[in-house]
>>> print(open('input-v5.cif').read())   # mmCIF, C-alpha atoms and all ligand atoms
data_run
#
loop_
_atom_site.group_PDB
_atom_site.id
_atom_site.type_symbol
_atom_site.label_atom_id
_atom_site.label_comp_id
_atom_site.auth_asym_id
_atom_site.auth_seq_id
_atom_site.Cartn_x
_atom_site.Cartn_y
_atom_site.Cartn_z
ATOM 1 C CA MET C 70 -14.789 19.082 -19.508
ATOM 2 C CA THR C 71 -11.485 18.819 -17.736
ATOM 3 C CA THR C 72 -11.297 17.138 -14.370
ATOM 4 C CA ALA C 73 -7.580 16.742 -14.029
ATOM 5 C CA LYS C 74 -5.628 16.452 -10.808
ATOM 6 C CA THR C 75 -8.145 17.282 -8.141
ATOM 7 C CA GLY C 76 -6.195 15.131 -5.737
ATOM 8 C CA LYS C 77 -9.353 13.241 -4.766
ATOM 9 C CA LEU C 78 -9.327 9.459 -4.880
ATOM 10 C CA ILE C 79 -12.349 7.854 -6.573
ATOM 11 C CA VAL C 80 -12.500 4.129 -5.838
ATOM 12 C CA GLY C 81 -14.973 1.733 -7.441
ATOM 13 C CA ASN C 82 -15.730 -1.372 -5.393
ATOM 14 C CA TRP C 83 -17.431 -3.789 -7.760
ATOM 15 C CA LYS C 84 -17.956 -6.344 -4.963
ATOM 16 C CA MET C 85 -19.002 -9.769 -6.327
ATOM 17 C CA ASN C 86 -20.269 -8.380 -9.625
ATOM 18 C CA GLY C 87 -19.114 -8.661 -13.203
ATOM 19 C CA LEU C 88 -18.355 -11.139 -15.941
ATOM 20 C CA ARG C 89 -15.540 -10.707 -18.434
ATOM 21 C CA GLU C 90 -17.284 -9.050 -21.333
ATOM 22 C CA ASP C 91 -19.174 -6.432 -19.323
ATOM 23 C CA ALA C 92 -16.199 -5.785 -17.097
ATOM 24 C CA ALA C 93 -13.890 -5.131 -20.018
ATOM 25 C CA LYS C 94 -16.357 -2.721 -21.614
ATOM 26 C CA ARG C 95 -16.877 -0.832 -18.371
ATOM 27 C CA ALA C 96 -13.184 -0.686 -17.602
ATOM 28 C CA GLN C 97 -12.371 0.479 -21.107
ATOM 29 C CA ALA C 98 -14.967 3.263 -20.993
ATOM 30 C CA ILE C 99 -13.642 4.465 -17.648
ATOM 31 C CA GLY C 100 -10.022 4.165 -18.749
ATOM 32 C CA GLU C 101 -10.581 6.074 -21.969
ATOM 33 C CA ALA C 102 -12.422 8.890 -20.224
ATOM 34 C CA ALA C 103 -9.767 9.069 -17.513
ATOM 35 C CA GLN C 104 -7.053 9.273 -20.152
ATOM 36 C CA ALA C 105 -8.907 11.860 -22.229
ATOM 37 C CA GLU C 106 -9.630 13.994 -19.184
ATOM 38 C CA GLY C 107 -6.087 14.029 -17.922
ATOM 39 C CA ARG C 108 -6.326 11.695 -14.974
ATOM 40 C CA GLU C 109 -2.762 10.457 -15.186
ATOM 41 C CA ALA C 110 -2.467 11.292 -11.500
ATOM 42 C CA PHE C 111 -3.997 7.844 -10.875
ATOM 43 C CA ASP C 112 -6.875 9.126 -8.851
ATOM 44 C CA ILE C 113 -9.318 6.524 -10.198
ATOM 45 C CA VAL C 114 -9.055 3.026 -8.742
ATOM 46 C CA LEU C 115 -11.109 0.060 -9.950
ATOM 47 C CA CYS C 116 -11.517 -2.875 -7.574
ATOM 48 C CA PRO C 117 -13.104 -5.749 -9.499
ATOM 49 C CA PRO C 118 -13.408 -9.332 -8.260
ATOM 50 C CA ALA C 119 -10.103 -11.194 -8.470
ATOM 51 C CA THR C 120 -11.207 -13.152 -11.552
ATOM 52 C CA LEU C 121 -11.417 -9.889 -13.504
ATOM 53 C CA LEU C 122 -8.194 -8.217 -12.421
ATOM 54 C CA SER C 123 -6.236 -9.008 -15.565
ATOM 55 C CA GLU C 124 -9.218 -8.246 -17.827
ATOM 56 C CA VAL C 125 -9.691 -4.867 -16.190
ATOM 57 C CA ARG C 126 -5.967 -4.187 -16.167
ATOM 58 C CA ALA C 127 -5.801 -4.754 -19.913
ATOM 59 C CA ALA C 128 -8.966 -2.840 -20.757
ATOM 60 C CA ALA C 129 -8.628 0.177 -18.479
ATOM 61 C CA GLY C 130 -5.168 1.303 -19.512
ATOM 62 C CA LYS C 131 -2.692 3.372 -17.594
ATOM 63 C CA ALA C 132 -4.834 6.269 -16.394
ATOM 64 C CA VAL C 133 -6.653 3.994 -13.957
ATOM 65 C CA ALA C 134 -5.180 2.118 -10.993
ATOM 66 C CA LEU C 135 -6.189 -1.407 -10.047
ATOM 67 C CA GLY C 136 -7.235 -2.614 -6.617
ATOM 68 C CA ALA C 137 -8.495 -5.806 -4.989
ATOM 69 C CA GLN C 138 -11.202 -6.308 -2.363
ATOM 70 C CA ASP C 139 -9.335 -8.408 0.185
ATOM 71 C CA CYS C 140 -6.079 -10.303 0.711
ATOM 72 C CA HIS C 141 -4.655 -12.966 2.997
ATOM 73 C CA HIS C 142 -2.117 -12.039 5.662
ATOM 74 C CA LYS C 143 0.487 -14.568 4.450
ATOM 75 C CA ASP C 144 2.424 -14.365 1.192
ATOM 76 C CA PHE C 145 2.115 -18.035 0.163
ATOM 77 C CA GLY C 146 1.049 -21.360 1.592
ATOM 78 C CA ALA C 147 -1.645 -23.899 2.254
ATOM 79 C CA TYR C 148 -4.587 -21.479 2.471
ATOM 80 C CA THR C 149 -7.113 -22.871 0.029
ATOM 81 C CA GLY C 150 -9.251 -20.247 -1.607
ATOM 82 C CA ASN C 151 -7.208 -17.276 -0.489
ATOM 83 C CA ILE C 152 -5.132 -14.765 -2.428
ATOM 84 C CA SER C 153 -2.088 -12.997 -1.021
ATOM 85 C CA ALA C 154 -1.109 -9.351 -1.220
ATOM 86 C CA LEU C 155 2.024 -10.390 -3.094
ATOM 87 C CA MET C 156 -0.126 -12.123 -5.717
ATOM 88 C CA LEU C 157 -2.307 -9.047 -6.071
ATOM 89 C CA LYS C 158 0.756 -6.901 -6.591
ATOM 90 C CA ASP C 159 1.953 -9.405 -9.175
ATOM 91 C CA ALA C 160 -1.442 -9.151 -10.934
ATOM 92 C CA GLY C 161 -0.994 -5.397 -11.335
ATOM 93 C CA CYS C 162 -2.797 -4.104 -8.250
ATOM 94 C CA SER C 163 -1.618 -1.063 -6.395
ATOM 95 C CA TYR C 164 -4.461 -0.939 -3.848
ATOM 96 C CA VAL C 165 -6.407 -3.397 -1.722
ATOM 97 C CA ILE C 166 -9.625 -2.745 0.208
ATOM 98 C CA LEU C 167 -9.467 -4.284 3.687
ATOM 99 C CA GLY C 168 -11.986 -4.633 6.490
ATOM 100 C CA HIS C 169 -15.013 -3.757 4.403
ATOM 101 C CA SER C 170 -18.100 -4.001 6.615
ATOM 102 C CA GLU C 171 -19.475 -6.815 4.463
ATOM 103 C CA ARG C 172 -16.389 -8.846 5.378
ATOM 104 C CA ARG C 173 -16.500 -7.771 9.007
ATOM 105 C CA GLN C 174 -20.189 -8.681 9.257
ATOM 106 C CA LEU C 175 -20.589 -11.636 6.875
ATOM 107 C CA GLN C 176 -17.174 -13.280 7.272
ATOM 108 C CA GLY C 177 -16.657 -12.320 10.915
ATOM 109 C CA GLU C 178 -13.448 -10.480 10.157
ATOM 110 C CA THR C 179 -11.943 -8.741 13.196
ATOM 111 C CA SER C 180 -9.917 -5.544 13.304
ATOM 112 C CA GLU C 181 -6.885 -7.605 14.348
ATOM 113 C CA GLN C 182 -7.206 -9.701 11.193
ATOM 114 C CA VAL C 183 -7.583 -6.530 9.170
ATOM 115 C CA ALA C 184 -4.351 -5.184 10.677
ATOM 116 C CA ALA C 185 -2.507 -8.421 9.805
ATOM 117 C CA LYS C 186 -3.772 -8.256 6.234
ATOM 118 C CA ALA C 187 -2.856 -4.576 6.008
ATOM 119 C CA HIS C 188 0.623 -5.381 7.260
ATOM 120 C CA ALA C 189 1.020 -7.923 4.447
ATOM 121 C CA ALA C 190 -0.363 -5.418 1.955
ATOM 122 C CA LEU C 191 2.133 -2.740 2.938
ATOM 123 C CA ASN C 192 4.982 -5.259 2.792
ATOM 124 C CA ALA C 193 3.907 -6.208 -0.718
ATOM 125 C CA GLY C 194 3.940 -2.551 -1.771
ATOM 126 C CA LEU C 195 0.167 -2.132 -1.961
ATOM 127 C CA VAL C 196 -1.752 0.813 -0.563
ATOM 128 C CA ALA C 197 -4.257 -0.484 1.999
ATOM 129 C CA ILE C 198 -7.734 1.068 1.967
ATOM 130 C CA ILE C 199 -8.953 0.307 5.472
ATOM 131 C CA CYS C 200 -12.701 0.528 6.031
ATOM 132 C CA VAL C 201 -14.346 1.517 9.286
ATOM 133 C CA GLY C 202 -17.861 2.534 10.202
ATOM 134 C CA GLU C 203 -20.592 2.227 12.782
ATOM 135 C CA THR C 204 -23.915 0.384 12.550
ATOM 136 C CA ASP C 205 -27.284 2.057 12.773
ATOM 137 C CA ALA C 206 -27.731 0.894 16.377
ATOM 138 C CA GLU C 207 -24.317 2.247 17.373
ATOM 139 C CA ARG C 208 -25.112 5.649 15.852
ATOM 140 C CA THR C 209 -28.519 5.742 17.500
ATOM 141 C CA ALA C 210 -26.775 5.061 20.810
ATOM 142 C CA GLY C 211 -24.345 7.933 20.113
ATOM 143 C CA GLN C 212 -21.370 5.553 20.033
ATOM 144 C CA GLN C 213 -20.163 6.239 16.496
ATOM 145 C CA ASN C 214 -16.997 8.127 17.461
ATOM 146 C CA ASP C 215 -15.879 5.495 19.960
ATOM 147 C CA VAL C 216 -16.668 2.613 17.607
ATOM 148 C CA VAL C 217 -14.722 4.132 14.734
ATOM 149 C CA ALA C 218 -11.792 5.100 16.963
ATOM 150 C CA ALA C 219 -11.582 1.544 18.328
ATOM 151 C CA GLN C 220 -11.772 0.027 14.843
ATOM 152 C CA LEU C 221 -9.049 2.335 13.594
ATOM 153 C CA GLU C 222 -6.775 1.746 16.519
ATOM 154 C CA ALA C 223 -6.968 -2.024 16.077
ATOM 155 C CA SER C 224 -7.048 -2.114 12.248
ATOM 156 C CA LEU C 225 -4.223 0.227 11.301
ATOM 157 C CA PRO C 226 -0.983 -1.725 10.966
ATOM 158 C CA GLU C 227 2.356 -0.671 12.321
ATOM 159 C CA GLY C 228 4.078 1.522 9.781
ATOM 160 C CA ALA C 229 0.841 2.892 8.327
ATOM 161 C CA ASN C 230 1.425 6.328 6.874
ATOM 162 C CA LYS C 231 -0.116 8.754 4.410
ATOM 163 C CA ASP C 232 1.620 7.121 1.450
ATOM 164 C CA ASN C 233 0.705 3.494 2.117
ATOM 165 C CA THR C 234 -2.680 3.709 3.834
ATOM 166 C CA VAL C 235 -6.075 5.236 3.055
ATOM 167 C CA ILE C 236 -9.004 5.196 5.477
ATOM 168 C CA ALA C 237 -12.550 4.745 4.217
ATOM 169 C CA TYR C 238 -15.340 5.846 6.528
ATOM 170 C CA GLU C 239 -18.365 3.788 5.568
ATOM 171 C CA PRO C 240 -21.302 3.950 7.959
ATOM 172 C CA VAL C 241 -22.817 0.465 7.723
ATOM 173 C CA TRP C 242 -26.354 1.828 7.554
ATOM 174 C CA ALA C 243 -25.484 3.844 4.437
ATOM 175 C CA ILE C 244 -24.015 0.986 2.384
ATOM 176 C CA GLY C 245 -26.267 -0.130 -0.433
ATOM 177 C CA THR C 246 -29.284 1.382 1.289
ATOM 178 C CA GLY C 247 -29.659 4.635 -0.632
ATOM 179 C CA LYS C 248 -29.274 6.487 2.710
ATOM 180 C CA THR C 249 -26.264 8.777 2.722
ATOM 181 C CA ALA C 250 -24.838 10.363 5.823
ATOM 182 C CA SER C 251 -25.612 14.081 5.971
ATOM 183 C CA ALA C 252 -22.828 16.490 5.067
ATOM 184 C CA GLU C 253 -22.656 17.474 8.731
ATOM 185 C CA ASP C 254 -22.320 13.840 9.883
ATOM 186 C CA VAL C 255 -19.583 13.266 7.318
ATOM 187 C CA ARG C 256 -17.784 16.458 8.309
ATOM 188 C CA ALA C 257 -17.920 15.578 12.013
ATOM 189 C CA MET C 258 -16.732 11.996 11.558
ATOM 190 C CA HIS C 259 -13.965 12.910 9.133
ATOM 191 C CA ALA C 260 -12.718 15.554 11.578
ATOM 192 C CA HIS C 261 -12.691 12.861 14.284
ATOM 193 C CA ILE C 262 -10.783 10.443 12.033
ATOM 194 C CA ARG C 263 -8.378 13.201 10.990
ATOM 195 C CA GLU C 264 -7.413 13.671 14.639
ATOM 196 C CA ILE C 265 -6.589 9.989 14.941
ATOM 197 C CA ALA C 266 -4.974 9.491 11.533
ATOM 198 C CA GLY C 267 -3.030 12.727 11.395
ATOM 199 C CA VAL C 268 -2.423 15.227 8.651
ATOM 200 C CA GLY C 269 -2.048 13.904 5.123
ATOM 201 C CA MET C 270 -3.603 10.445 5.380
ATOM 202 C CA ARG C 271 -6.438 10.297 2.872
ATOM 203 C CA ILE C 272 -9.918 9.722 4.282
ATOM 204 C CA LEU C 273 -12.622 8.534 1.878
ATOM 205 C CA TYR C 274 -16.363 8.482 2.446
ATOM 206 C CA GLY C 275 -18.401 5.495 1.280
ATOM 207 C CA GLY C 276 -22.085 4.576 1.443
ATOM 208 C CA SER C 277 -24.651 5.241 -1.303
ATOM 209 C CA VAL C 278 -22.446 7.740 -3.116
ATOM 210 C CA LYS C 279 -23.969 8.610 -6.482
ATOM 211 C CA ALA C 280 -23.713 11.336 -9.083
ATOM 212 C CA ALA C 281 -26.435 13.372 -7.369
ATOM 213 C CA ASN C 282 -24.691 13.610 -3.987
ATOM 214 C CA ALA C 283 -21.024 13.271 -4.985
ATOM 215 C CA ALA C 284 -20.217 16.970 -5.299
ATOM 216 C CA GLU C 285 -21.483 17.828 -1.824
ATOM 217 C CA ILE C 286 -19.648 14.902 -0.235
ATOM 218 C CA LEU C 287 -16.421 15.477 -2.159
ATOM 219 C CA HIS C 288 -16.342 19.128 -1.173
ATOM 220 C CA THR C 289 -16.835 18.437 2.527
ATOM 221 C CA GLU C 290 -13.858 19.218 4.751
ATOM 222 C CA ASN C 291 -11.441 16.301 5.234
ATOM 223 C CA VAL C 292 -13.063 14.209 2.511
ATOM 224 C CA ASP C 293 -10.227 13.138 0.230
ATOM 225 C CA GLY C 294 -12.296 10.927 -2.033
ATOM 226 C CA VAL C 295 -15.078 8.366 -2.163
ATOM 227 C CA LEU C 296 -15.476 4.594 -2.137
ATOM 228 C CA VAL C 297 -18.338 3.743 -4.462
ATOM 229 C CA GLY C 298 -20.210 0.428 -4.612
ATOM 230 C CA GLY C 299 -23.437 0.248 -6.618
ATOM 231 C CA ALA C 300 -22.839 3.363 -8.715
ATOM 232 C CA SER C 301 -19.410 2.088 -9.788
ATOM 233 C CA LEU C 302 -21.066 -0.651 -11.866
ATOM 234 C CA ILE C 303 -22.209 1.799 -14.539
ATOM 235 C CA ALA C 304 -19.349 3.594 -16.262
ATOM 236 C CA GLU C 305 -21.198 6.864 -16.832
ATOM 237 C CA ASP C 306 -22.432 7.031 -13.232
ATOM 238 C CA PHE C 307 -18.972 6.363 -11.889
ATOM 239 C CA LEU C 308 -17.401 8.932 -14.210
ATOM 240 C CA ALA C 309 -20.008 11.506 -13.166
ATOM 241 C CA ILE C 310 -18.907 10.972 -9.556
ATOM 242 C CA ALA C 311 -15.250 11.409 -10.528
ATOM 243 C CA ARG C 312 -16.114 14.563 -12.438
ATOM 244 C CA ALA C 313 -17.836 15.977 -9.365
ATOM 245 C CA SER C 314 -14.484 16.164 -7.589
HETATM 246 P P1 LIG C 401 -22.627 1.488 -2.006
HETATM 247 O O1 LIG C 401 -21.421 0.638 -1.407
HETATM 248 O O2 LIG C 401 -22.014 2.665 -2.757
HETATM 249 O O3 LIG C 401 -23.367 0.550 -2.896
HETATM 250 O O4 LIG C 401 -23.441 1.960 -0.842
HETATM 251 C C1 LIG C 401 -20.279 1.270 -0.885
HETATM 252 C C2 LIG C 401 -19.312 0.240 -0.376
HETATM 253 O O5 LIG C 401 -19.748 -0.784 0.163
HETATM 254 O O6 LIG C 401 -18.076 0.384 -0.515
#
>>> encode(input="input-v5.cif", output="structure tokens", more="lines below")
Ligand code: PGA
Amino acid sequence: MTTAKTGKLIVGNWKMNGLREDAAKRAQAIGEAAQAEGREAFDIVLCPPATLLSEVRAAAGKAVALGAQDCHHKDFGAYTGNISALMLKDAGCSYVILGHSERRQLQGETSEQVAAKAHAALNAGLVAIICVGETDAERTAGQQNDVVAAQLEASLPEGANKDNTVIAYEPVWAIGTGKTASAEDVRAMHAHIREIAGVGMRILYGGSVKAANAAEILHTENVDGVLVGGASLIAEDFLAIARAS
């Protein structure tokens, strides 16, 4: 099967999962398939925990790009426990996920902090994948468009453009829950984001993406790729999603 150059971006967010041996095997399997199937366009991105970046870099090979899950807004300094965008670039990353809802909710990260981190990421030469999305209560109240617009407005850094920034729409209620937004909900929200972000900026969907629903999501208007959590932890599942593009 050939899956080359669909232009869709397939991002695996491993979250806080993986130890060296498993990670290397998974990354190698994904890298080899990507290479064999002509994915030199770098449309697969693996975002392991920081401890596994070099392992994954070495095992995945050149057909796969490397990303991180967060960065600090400063380049260096007395910030115990943090990692800068410059360091991620130095470790071989070309992408960094920022403002994931788990960080917004569990670490209290604000959109302003996300924008500062994104600014550092762009300065370091990384592509920022900026996550936005409404909660269940906000959708029930019909506020999803306003919530996402406000998050975007405050999270996108100055100088964000289609080459250095990717937006990931991840409804909070769909993350890790097995509930996926309907194709119509995805279409409507991506059209809304497209109006704000402009032509050309890639907009990913994330939230319980799996092999069974990937094709429908990936072929929805204004969906330029997917951000995959749980299903990215099994090489064959992740590859099946990539092949659905
Ligand atoms: P999920 O996570 O695919 O497990 O729902 C997506 C994400 O959090 O990026």
>>> residues_near_ligand(input="input-v5.cif", ligand="ligand LIG 401 (chain C)", cutoff="9 Å", atoms="only C-alpha atoms and all ligand atoms", output="ChimeraX atom specification")
/C:80-84,169-171,200,237,239,241-249,274-279,295-301
>>> resolve_selection(input="input-v5.cif", expression="the PyMOL selection byres (((chain C and resi 302-307) around 12) and not hetatm)", output="VMD selection string")
chain C and resid 79 to 88 91 to 103 113 to 117 129 278 to 283 295 to 301 308 to 314
>>> resolve_selection(input="input-v5.cif", expression="the PyMOL selection byres (((chain C and resi 188-196) around 8) and not hetatm)", output="PyMOL selection string")
chain C and resi 140-144+154-155+158+162-165+184-187+197-198+226-227+229+232-235
>>> closest_residue(input="input-v5.cif", among="C:Gln182, C:Gln174, C:Asn151, C:Thr289", to="C:Glu203", atoms="all atoms listed in the file")
C:Gln174
>>> residues_around(input="input-v5.cif", residues="C:Arg256", least_positions_apart="4", cutoff="12 Å", atoms="all atoms listed in the file", output="list in words")
Tyr238, Ala250, Ser251, Ala252, Ala260, His261, Ile262, Arg263, Ile272, Leu273, Tyr274, Glu285, Ile286, Leu287, His288, Thr289, Glu290, Asn291, Val292 and Asp293 of chain C
>>> closest_residue(input="input-v5.cif", among="C:Gly267, C:Pro240, C:Gly211, C:Gly136", to="C:Ser123", atoms="only C-alpha atoms")
C:Gly136
